[in-house]
Each structure stands twice: as structure tokens, then as C-alpha cells.
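What follows is a short report on a single structure.
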Amino acid sequence: MATDAQLAKIEKLGQDNKCKKLFKLMKEPEVGTRCAAAEALGIAGTFEAYNILISSLNDPSNEVREWIINALIKIGRRTAIDHVRHQMEVASDTEYKAFCRDAISKLANPVKD
């Protein structure tokens, strides 16, 4: 499990737009590290971050995929809808399907801060 200090460093990578480093972290074996990297990519919010998140949607962990989708919502690109819809269509877990359905709604109708 990632420590608070490690999580803070990962978040800083997102703030500094260090997408290549975050991409490497998306390949780490620990679920918590991948979740933190996904969140940091959402913070970065760049087109590169978006593409990394989309390419990481094949992660074996529902938890990581949920963090990825939340990061995509934060970035706010409507083009993510088709990718999330695909996740919903191929999922067997009913809770994950419901999560995807809710995410599609958020992507289609973004709420501005």
C-alpha cells in the first residue's frame, strides 16, 4: 500500500503534468498506486493524460477502472462517453455497470465548478 508521502508525490506529478511518469505508474502491480496515478492524470487534465487514461481502461481491477473513469469525468471530454459505454457493455459486475451508467450521465451533462 502506498504511503501518504508516496501519494503526495504522485499527486505532485499530476500537478506538474509529468504524464510519462504517471503512465509508468499505471503499470505498477499495486492497485493503490494505479488509482493514485489515475487521479493525478485527472489533475493534469491534458490530452496526453486523457489518452493514457483511455489506454488504461483495460486494467484488470474494477477499482482502478473506476478511478480512471472519475479522472476522465474530471477532464470532461465528451469523447470519453463511448469508452465508458464500452466498459458498461462488457462488464459482468452489476455495480460496475451502474457506476459506468452514472459516469456516462456526468460526462454527457458536466457540472461546472
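Going through the C-alpha cells in order, the chains are called A, B, and so on, while each chain numbers its residues from 1 and the ligands are numbered from 1 in the order shown.
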All residues 12 Å or closer to Phe47 in chain A, only C-alpha atoms, same chain fewer than 3 positions away omitted, as a short mmCIF file (atom, residue, chain, number, x, y, z; two decimals) with C-alpha atoms, in the first residue's frame:
```
data_model
loop_
_atom_site.label_atom_id
_atom_site.label_comp_id
_atom_site.auth_asym_id
_atom_site.auth_seq_id
_atom_site.Cartn_x
_atom_site.Cartn_y
_atom_site.Cartn_z
CA ASN A 17 1.97 17.43 -15.79
CA CYS A 19 2.35 12.26 -17.71
CA LEU A 41 -3.71 12.17 -14.56
CA GLY A 42 -7.14 13.70 -14.00
CA ILE A 43 -5.43 16.59 -12.22
CA ALA A 44 -3.04 17.03 -15.15
CA TYR A 50 -6.64 11.70 -21.37
CA ASN A 51 -5.05 9.27 -23.84
CA ILE A 52 -3.17 7.46 -21.05
CA LEU A 53 -6.39 7.07 -19.08
CA ILE A 54 -8.27 5.73 -22.11
CA LEU A 72 -11.99 11.19 -17.24
CA ILE A 75 -11.05 16.13 -17.54
CA GLY A 76 -14.53 16.48 -19.05
CA ARG A 77 -14.02 15.28 -22.62
CA THR A 79 -15.35 11.67 -26.29
CA ALA A 80 -14.82 9.51 -23.21
#
```
Find the residues of range 15-71 of chain A that sit at most 12 Å from range 104-111 of chain A; for each, write down the nearest two atoms and how far apart they are in Å, to one decimal. Count only C-alpha atoms. Sort by chain, then by number going up, and give it as a tab-separated table.
```
residue	atom	partner	partner_atom	distance
A:Ile69	CA	A:Ile104	CA	9.4
A:Asn70	CA	A:Lys106	CA	9.6
A:Ala71	CA	A:Leu107	CA	10.9
```
Next item on the list: Find the spatial neighbours of Leu13 in chain A, counting only C-alpha atoms, within a cut-off of 12 Å - ignore same-chain residues fewer than 3 positions away - and output them as JSON, numbers by chain.
Entry: {"A": [6, 7, 8, 9, 10, 16, 17, 18, 19, 20, 21, 22, 23, 24, 25, 36, 37, 38, 39, 40, 41, 42, 43, 44, 45, 49]}
Take the residues from that selection and put them in a file with C-alpha atoms, as a compact mmCIF listing (two decimals), in the first residue's frame.
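Resulting contents of again.txt:
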```
# COMPACT_ATOMS: atom_id res chain seq x y z
CA GLN A 6 4.12 8.45 -1.90
CA LEU A 7 0.55 9.51 -2.66
CA ALA A 8 1.54 13.17 -2.27
CA LYS A 9 4.44 12.67 -4.71
CA ILE A 10 2.09 11.04 -7.22
CA ASP A 16 3.42 19.22 -12.72
CA ASN A 17 1.97 17.43 -15.79
CA LYS A 18 4.52 14.59 -15.63
CA CYS A 19 2.35 12.26 -17.71
CA LYS A 20 5.13 9.93 -18.82
CA LYS A 21 5.99 9.15 -15.19
CA LEU A 22 2.32 8.68 -14.38
CA PHE A 23 1.96 6.35 -17.37
CA LYS A 24 4.68 4.15 -15.87
CA LEU A 25 2.87 4.17 -12.52
CA ALA A 36 -3.40 7.44 -7.35
CA ALA A 37 -1.79 7.72 -10.78
CA ALA A 38 -5.22 7.81 -12.43
CA GLU A 39 -6.32 10.57 -10.09
CA ALA A 40 -3.12 12.52 -10.82
CA LEU A 41 -3.71 12.17 -14.56
CA GLY A 42 -7.14 13.70 -14.00
CA ILE A 43 -5.43 16.59 -12.22
CA ALA A 44 -3.04 17.03 -15.15
CA GLY A 45 -6.06 17.17 -17.44
CA ALA A 49 -3.28 12.42 -19.73
```
Next item on the list: Would you kindly return, as a ChimeraX atom specification, each protein, DNA or RNA residue with an atom no farther than 12 Å from any atom of Asn58 in chain A, considering only C-alpha atoms and excluding same-chain residues fewer than 4 positions away?
Entry: /A:26-27,52-54,62-66,68-69,83-84,86-87,90-91
What does the file look like for those residues with C-alpha atoms, as a PDB file, in the first residue's frame?
```
ATOM      1  CA  MET A  26      -0.305   2.971 -14.263  1.00  0.00           C
ATOM      2  CA  LYS A  27       1.622  -0.253 -14.943  1.00  0.00           C
ATOM      3  CA  ILE A  52      -3.166   7.462 -21.051  1.00  0.00           C
ATOM      4  CA  LEU A  53      -6.388   7.070 -19.085  1.00  0.00           C
ATOM      5  CA  ILE A  54      -8.266   5.734 -22.111  1.00  0.00           C
ATOM      6  CA  ASN A  62     -12.702  -2.556 -11.241  1.00  0.00           C
ATOM      7  CA  GLU A  63     -11.415  -0.193  -8.553  1.00  0.00           C
ATOM      8  CA  VAL A  64      -8.666   1.159 -10.809  1.00  0.00           C
ATOM      9  CA  ARG A  65     -11.074   1.481 -13.739  1.00  0.00           C
ATOM     10  CA  GLU A  66     -13.438   3.475 -11.510  1.00  0.00           C
ATOM     11  CA  ILE A  68      -9.753   6.146 -14.302  1.00  0.00           C
ATOM     12  CA  ILE A  69     -13.350   6.959 -15.172  1.00  0.00           C
ATOM     13  CA  HIS A  83     -15.156   4.322 -23.992  1.00  0.00           C
ATOM     14  CA  VAL A  84     -17.133   4.247 -20.760  1.00  0.00           C
ATOM     15  CA  HIS A  86     -17.978   0.038 -23.888  1.00  0.00           C
ATOM     16  CA  GLN A  87     -16.864  -0.656 -20.307  1.00  0.00           C
ATOM     17  CA  VAL A  90     -18.598  -5.707 -21.468  1.00  0.00           C
ATOM     18  CA  ALA A  91     -18.822  -5.654 -17.659  1.00  0.00           C
TER      19      ALA A  91
END
```
Next item on the list: Enumerate as an NGL selection string all residues of chain A assigned to alpha helix (DSSP H) by DSSP on the backbone, naming them with the chain letters and numbers the document uses.
Entry: :A and (4-15 or 19-25 or 31-44 or 47-55 or 62-75 or 80-90 or 94-108)
Written selection (C-alpha atoms) as a JSON list (two decimals), in the first residue's frame:
```json
[["chain", "number", "residue", "atom", "x", "y", "z"],
["A", 4, "ASP", "CA", 0.80, 9.24, 2.36],
["A", 5, "ALA", "CA", 4.17, 10.61, 1.24],
["A", 6, "GLN", "CA", 4.12, 8.45, -1.90],
["A", 7, "LEU", "CA", 0.55, 9.51, -2.66],
["A", 8, "ALA", "CA", 1.54, 13.17, -2.27],
["A", 9, "LYS", "CA", 4.44, 12.67, -4.71],
["A", 10, "ILE", "CA", 2.09, 11.04, -7.22],
["A", 11, "GLU", "CA", -0.38, 13.93, -6.90],
["A", 12, "LYS", "CA", 2.51, 16.39, -7.46],
["A", 13, "LEU", "CA", 3.36, 14.56, -10.69],
["A", 14, "GLY", "CA", -0.15, 15.36, -11.89],
["A", 15, "GLN", "CA", 0.11, 18.99, -10.84],
["A", 19, "CYS", "CA", 2.35, 12.26, -17.71],
["A", 20, "LYS", "CA", 5.13, 9.93, -18.82],
["A", 21, "LYS", "CA", 5.99, 9.15, -15.19],
["A", 22, "LEU", "CA", 2.32, 8.68, -14.38],
["A", 23, "PHE", "CA", 1.96, 6.35, -17.37],
["A", 24, "LYS", "CA", 4.68, 4.15, -15.87],
["A", 25, "LEU", "CA", 2.87, 4.17, -12.52],
["A", 31, "VAL", "CA", -3.82, -1.21, -7.10],
["A", 32, "GLY", "CA", -3.44, 1.83, -4.81],
["A", 33, "THR", "CA", -0.57, 3.18, -6.86],
["A", 34, "ARG", "CA", -2.54, 2.81, -10.09],
["A", 35, "CYS", "CA", -5.57, 4.52, -8.51],
["A", 36, "ALA", "CA", -3.40, 7.44, -7.35],
["A", 37, "ALA", "CA", -1.79, 7.72, -10.78],
["A", 38, "ALA", "CA", -5.22, 7.81, -12.43],
["A", 39, "GLU", "CA", -6.32, 10.57, -10.09],
["A", 40, "ALA", "CA", -3.12, 12.52, -10.82],
["A", 41, "LEU", "CA", -3.71, 12.17, -14.56],
["A", 42, "GLY", "CA", -7.14, 13.70, -14.00],
["A", 43, "ILE", "CA", -5.43, 16.59, -12.22],
["A", 44, "ALA", "CA", -3.04, 17.03, -15.15],
["A", 47, "PHE", "CA", -4.77, 15.50, -23.93],
["A", 48, "GLU", "CA", -1.79, 13.23, -23.14],
["A", 49, "ALA", "CA", -3.28, 12.42, -19.73],
["A", 50, "TYR", "CA", -6.64, 11.70, -21.37],
["A", 51, "ASN", "CA", -5.05, 9.27, -23.84],
["A", 52, "ILE", "CA", -3.17, 7.46, -21.05],
["A", 53, "LEU", "CA", -6.39, 7.07, -19.08],
["A", 54, "ILE", "CA", -8.27, 5.73, -22.11],
["A", 55, "SER", "CA", -5.49, 3.24, -22.86],
["A", 62, "ASN", "CA", -12.70, -2.56, -11.24],
["A", 63, "GLU", "CA", -11.41, -0.19, -8.55],
["A", 64, "VAL", "CA", -8.67, 1.16, -10.81],
["A", 65, "ARG", "CA", -11.07, 1.48, -13.74],
["A", 66, "GLU", "CA", -13.44, 3.48, -11.51],
["A", 67, "TRP", "CA", -10.60, 5.86, -10.59],
["A", 68, "ILE", "CA", -9.75, 6.15, -14.30],
["A", 69, "ILE", "CA", -13.35, 6.96, -15.17],
["A", 70, "ASN", "CA", -13.55, 9.54, -12.37],
["A", 71, "ALA", "CA", -10.39, 11.14, -13.78],
["A", 72, "LEU", "CA", -11.99, 11.19, -17.24],
["A", 73, "ILE", "CA", -15.04, 12.92, -15.73],
["A", 74, "LYS", "CA", -12.72, 15.49, -14.16],
["A", 75, "ILE", "CA", -11.05, 16.13, -17.54],
["A", 80, "ALA", "CA", -14.82, 9.51, -23.21],
["A", 81, "ILE", "CA", -18.52, 8.55, -23.29],
["A", 82, "ASP", "CA", -18.03, 5.85, -25.95],
["A", 83, "HIS", "CA", -15.16, 4.32, -23.99],
["A", 84, "VAL", "CA", -17.13, 4.25, -20.76],
["A", 85, "ARG", "CA", -20.17, 2.87, -22.60],
["A", 86, "HIS", "CA", -17.98, 0.04, -23.89],
["A", 87, "GLN", "CA", -16.86, -0.66, -20.31],
["A", 88, "MET", "CA", -20.50, -0.87, -19.26],
["A", 89, "GLU", "CA", -21.39, -3.21, -22.13],
["A", 90, "VAL", "CA", -18.60, -5.71, -21.47],
["A", 94, "THR", "CA", -23.79, -5.04, -11.89],
["A", 95, "GLU", "CA", -22.32, -2.43, -9.52],
["A", 96, "TYR", "CA", -19.62, -1.54, -12.05],
["A", 97, "LYS", "CA", -22.27, -1.32, -14.80],
["A", 98, "ALA", "CA", -24.26, 1.10, -12.62],
["A", 99, "PHE", "CA", -21.09, 3.11, -11.94],
["A", 100, "CYS", "CA", -20.47, 3.37, -15.70],
["A", 101, "ARG", "CA", -24.07, 4.41, -16.36],
["A", 102, "ASP", "CA", -23.74, 7.21, -13.80],
["A", 103, "ALA", "CA", -20.39, 8.25, -15.28],
["A", 104, "ILE", "CA", -21.88, 8.50, -18.76],
["A", 105, "SER", "CA", -24.53, 10.82, -17.39],
["A", 106, "LYS", "CA", -21.86, 13.00, -15.76],
["A", 107, "LEU", "CA", -19.80, 13.10, -18.96],
["A", 108, "ALA", "CA", -22.85, 13.98, -21.04]]
```
